[in-house]
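Peer 1: Structure in structure tokens, see below.
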Amino acid sequence: MRLGKVIRWEFGQSIRSKQFLIVTILIPAIIAVGVFAASRALGSDSSAPSNPPPPAIIGIFLAIILYLGAFMSGVMTMYGVMKEKQSRVVEMMLSSVSAWELVCGKLIGLGLAGLIQVVVWATLVYVGASQFMPISLASLTLVHWVTYPLYFVLGYLFIGSIFGTIGAAIKDIHSGGAVGFAGMIPYLPMLFTALIVQQPSLLWVRIAGFIPPFVPSIMLLRIGATPLVTEGAEFVPTWEIALSLVSLALGTFLMMRFATKVFEVGMLMTGKSASLRELWRWGRRRA
Amino acid sequence: MSDRELLRVEGVSKTFESVRAVNDVSFAVSRGEILGFLGPNGAGKTTTIRMILGIFDPDSGAIRSSLDSGRNHVPKERTGYLPEERGLYGDARVLDLLVYFGELKGLTRAESRERAHQWLERFDLLDWGTKRVEKLSKGMQQKVQFVAAILHRPDLVVLDEPFSGLDPVNQDVLREVIAGLKDDGAAILLSSHRMNLVEELCDRIFLIHDGRRVLYGNLAEIKDSHGEHTVRIRFSGDGSPLADLPTVCNLRLSGGQATFTLDRSASVDEFVRHLPDSIVIQALSVDRPPLHDIFVQTVEGRDS
């Protein structure tokens with residue numbers, strides 16, 4: 001199938017790029033060596049932290065890493081789409097595959113490469129942090145294992161579609177304007193991280209947790225923080241998790257469709273960046 | 001639709017925003033034929049090509065192909081396209097890239113690799129197969145992109161300015177390859193501003209201007225019906241009686257040379273038979289108007 005070929009190509013090209021090798025192997029390796037050396041130096045100092053953090057803190061750690069990972073992969077998608085446009089290869093591609101196949105292939109292929117990065121970094125942070133704090137993967141529950149990957153994957157596809165749309169609409173990285181700002185919308189809840197972690201069941205936090213762009217950040221933090229603030233408390237109610245996932249999945253599908261349509265129009269015109277108004281018109285037009 | 005006919009475009013129109021880019025355009029291309037696809041910049045050529053290839057859909061009209069009647073464009077696996085705006089993935093390796101394009105067009109990995117090898121050899125690029133595309137010169141990249149367009153032996157080949165940026169040696173190689181594709185039964189749409197190449201390669205031409213078809217048909221017939229013949233005579237004797245002939249226009253006489261155009265109504269045969277006895281002909285040539293002039297006349301005539 002053509003989609004599979006596009007995915008394989010995008011993934012293969014991505015993991016062979018210099019940036020990928022640096023971010024995924026070189027930098028983590030340097031940090032790992034540093035952490036190892038530091039833990040050796042501090043090893044003899046037996047004064048363990050007097051106030052050990054609650055075990056649930058690892059949930060919050062992971063939530064933040066996953067979300068930053070989705071963001072990084074999303075930015076990679078934007079660069080991928082912009083490169084496609086600037087190198088003018090897109091016209092040949094569109095004479096071979098549909099815009100939907102190309103957009104999906106890029107999102108999924110680059111997403112898989114991003115997943116590798118996230119796994120490497122999460123492992124690094126976990127191993128590093130566990131040198132200094134008594135944290136353990138064992139304190140993660142089934143809820144974490146089931147919901148975190150779903151929020152990550154859907155969240156990435158959603159954010160990646162937004163960044164892909166931006167990449168298709170703007171001329172170059174310096175001319176994003178208001179359109180570029182759209183990429184920051186899913187990050188607005190991050191400004192309230194401290195609040196969400198302390199009071200994960202506030203009414204407006206719960207409501208915002210159903211709005212697609214905010215779902216991944218808010219729900220990851222809420223699920224991570226709930227057992228932390230209330231000892232032995234229930235997690236976020238299952239129906240809230242289910243509803244947020246349905247909402248996110250639907251939003252992701254619509255966003256990918258929107259990205260494809262903007263891509264169809266934007267890719268074949270260079271020389272100017274689209275305004276928000278044009279973007280809206282492109283995205284809704286029928287092919 | 002005749003047996004050989006591969007593509008038939010019927011009354012196709014496309015409007016962007018408020019601009020009518022293509023307006024009720026019709027033409028057909030057959031297997032084993034090169035159709036010259038001409039027009040000034042911005043006339044609607046690229047838009048028409050993109051509709052044929054299914055990059056976007058026409059607002060109205062039909063694009064029929066003998067390969068598939070279901071869709072309103074030629075099936076993508078059966079087309080090969082060299083766009084005017086060149087571009088490849090710069091950081092990919094040449095051979096990998098060709099294999100990828102071949103696979104997207106339905107070849108297996110092995111087939112794709114084998115053919116890519118053969119074509120790279122033909123274009124003298126075999127040593128560059130493992131290099132990154134961005135390391136290649138512009139002309140080399142162009143050859144690679146041409147190979148990517150035809151690797152899968154497409155039935156419909158669309159070439160937009162295939163010769164630009166190539167040196168004379170490579171132009172000759174490419175010309176041979178295009179002729180070979182034609183002989184193998186591909187239908188070829190050749191878009192170019194180089195009229196001499198179009199005259200040399202194309203059987204029929206299609207001229208689009210302001211989104212409309214303004215000329216379409218057999219190249220020789222179009223030439224016959226357009227403009228005057230240019231006559232050059234080298235002679236000895238007295239050339240002045242030429243000026244008295246009613247069919248002779250724009251006469252220039254110098255020494256033993258006469259250059260003039262024949263009136264539209266005149267027949268070449270009649271004219272030659274009735275040349276004045278006072279001149280002894282050493283050489284005579286009658287040229288049909290160059291396509292260049294027909295192009296300019298047609299387009300300017302429309303504009304005025």
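FYI, nothing fancy with the structure tokens labels: chains A, B, ... in order, residues from 1 per chain, ligands from 1 as they appear.
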Contacts from chain A to chain B, 10 Å maximum, only C-alpha atoms: show me the residue list as a PDB file with C-alpha atoms, in the first residue's frame.
Peer 2:
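Okay, out16.pdb is ready:
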ATOM      1  CA  MET A   1       0.000   0.000   0.000  1.00  0.00           C
ATOM      2  CA  ARG A   2       1.216   3.464  -0.834  1.00  0.00           C
ATOM      3  CA  LEU A   3       0.544   4.866   2.645  1.00  0.00           C
ATOM      4  CA  GLY A   4       2.815   2.206   4.129  1.00  0.00           C
ATOM      5  CA  LYS A   5       5.575   3.122   1.693  1.00  0.00           C
ATOM      6  CA  VAL A   6       5.302   6.793   2.550  1.00  0.00           C
ATOM      7  CA  ARG A   8       8.497   3.774   5.831  1.00  0.00           C
ATOM      8  CA  TRP A   9      10.273   6.398   3.749  1.00  0.00           C
ATOM      9  CA  GLY A  12      13.748   5.940   7.461  1.00  0.00           C
ATOM     10  CA  GLN A  13      14.800   9.374   6.280  1.00  0.00           C
ATOM     11  CA  ARG A  16      19.039   8.729   9.415  1.00  0.00           C
ATOM     12  CA  SER A  17      19.168  12.504   9.710  1.00  0.00           C
ATOM     13  CA  LYS A  83      10.952  21.084   3.362  1.00  0.00           C
ATOM     14  CA  GLU A  84       8.561  19.302   1.033  1.00  0.00           C
ATOM     15  CA  LYS A  85       7.205  22.642  -0.061  1.00  0.00           C
ATOM     16  CA  GLN A  86      10.510  24.457  -0.397  1.00  0.00           C
ATOM     17  CA  SER A  87      12.259  21.657  -2.274  1.00  0.00           C
ATOM     18  CA  ARG A  88       9.315  21.578  -4.714  1.00  0.00           C
ATOM     19  CA  VAL A  89       9.308  17.782  -4.602  1.00  0.00           C
ATOM     20  CA  VAL A  90       5.658  17.929  -3.646  1.00  0.00           C
ATOM     21  CA  GLU A  91       4.376  18.200  -7.186  1.00  0.00           C
ATOM     22  CA  MET A  92       5.980  14.896  -8.126  1.00  0.00           C
ATOM     23  CA  MET A  93       4.744  13.331  -4.904  1.00  0.00           C
ATOM     24  CA  LEU A  94       1.165  14.435  -5.533  1.00  0.00           C
ATOM     25  CA  SER A  95       1.302  12.933  -9.012  1.00  0.00           C
ATOM     26  CA  SER A  96       2.014   9.596  -7.267  1.00  0.00           C
ATOM     27  CA  VAL A  97       0.011   9.663  -4.026  1.00  0.00           C
ATOM     28  CA  SER A  98      -2.988  11.559  -2.684  1.00  0.00           C
ATOM     29  CA  ALA A  99      -2.553  14.509  -0.350  1.00  0.00           C
ATOM     30  CA  GLU A 264      -3.460  20.611  -1.102  1.00  0.00           C
ATOM     31  CA  VAL A 265      -3.826  24.340  -1.641  1.00  0.00           C
ATOM     32  CA  LEU A 268       1.322  24.267  -4.755  1.00  0.00           C
ATOM     33  CA  ALA A 287     -11.544  19.455  -3.090  1.00  0.00           C
TER      34      ALA A 287
END
Peer 1: Taking the DSSP assignment computed from this structure's backbone, write out as a ChimeraX atom specification all residues of region 19-116 of chain A that belong to helix (DSSP H, G or I).
Peer 2: /A:19-43,57-86,90-94,99-116
Peer 1: Show me, as a PyMOL selection string, the residues that have an atom within 7 Å of Trp282 (chain A) when counting only C-alpha atoms, minus same-chain residues fewer than 4 positions from it.
Peer 2: chain A and resi 261-262+265+278
Peer 1: Next, write the just-selected residues to a file, as a short mmCIF file (atom, residue, chain, number, x, y, z; two decimals), in the first residue's frame, keeping N, CA and C atoms as the atom set.
Peer 2:
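Output contents, as saved in part30.cif:
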data_model
loop_
_atom_site.label_atom_id
_atom_site.label_comp_id
_atom_site.auth_asym_id
_atom_site.auth_seq_id
_atom_site.Cartn_x
_atom_site.Cartn_y
_atom_site.Cartn_z
N LYS A 261 -6.35 19.40 3.56
CA LYS A 261 -6.92 20.36 2.61
C LYS A 261 -6.04 21.61 2.49
N VAL A 262 -5.55 22.08 3.62
CA VAL A 262 -4.66 23.24 3.56
C VAL A 262 -3.40 22.87 2.76
N VAL A 265 -3.86 23.00 -1.06
CA VAL A 265 -3.83 24.34 -1.64
C VAL A 265 -2.45 24.98 -1.42
N GLU A 278 -7.53 33.05 5.13
CA GLU A 278 -7.36 32.18 3.97
C GLU A 278 -7.27 30.71 4.40
#
Peer 1: I'd like the contact shell of Leu220 (chain A) - 9 Å cut-off, only C-alpha atoms, skipping same-chain residues fewer than 4 positions apart - returned as a list in words.
Peer 2: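 Result of the neighbour search: Gly59, Ile60, Leu62, Ala63, Ile64, Leu66, Tyr67, His144, Thr147, Tyr148, Tyr151, Phe152, Val215, Pro216, Gly224 and Ala225 of chain A.
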Peer 1: Between CA of Arg234 (chain B) and CA of Thr261 (chain B), what distance in Å does the model show, to one decimal?
Peer 2: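 Pair CA of Arg234 (chain B) / CA of Thr261 (chain B) returns 14.8 Å.
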Peer 1: So, counting only C-alpha atoms, which residue among B:Arg175, B:Arg302, B:Arg8, B:Arg194 is closest to His73 (chain B)?
Peer 2: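 Looking only at the distances to His73 (chain B), the closest residue turns out to be B:Arg8.
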Peer 1: Would you kindly return, as a ChimeraX atom specification, each protein, DNA or RNA residue with an atom no farther than 10 Å from any atom of Gly69 (chain A), considering only C-alpha atoms and excluding same-chain residues fewer than 2 positions away?
Peer 2: /A:63-67,71-75,111,114-119,121-122,152,156
Peer 1: Find the residues near region 17-26 of chain B: any atom within 12 Å, counting only C-alpha atoms, skip ones fewer than 2 places away on the same chain, and give them as an MDAnalysis selection string.
Peer 2: (chainID A and resid 265 278 281:282 285) or (chainID B and resid 7:15 28:29 41:52 57:64 206:217)
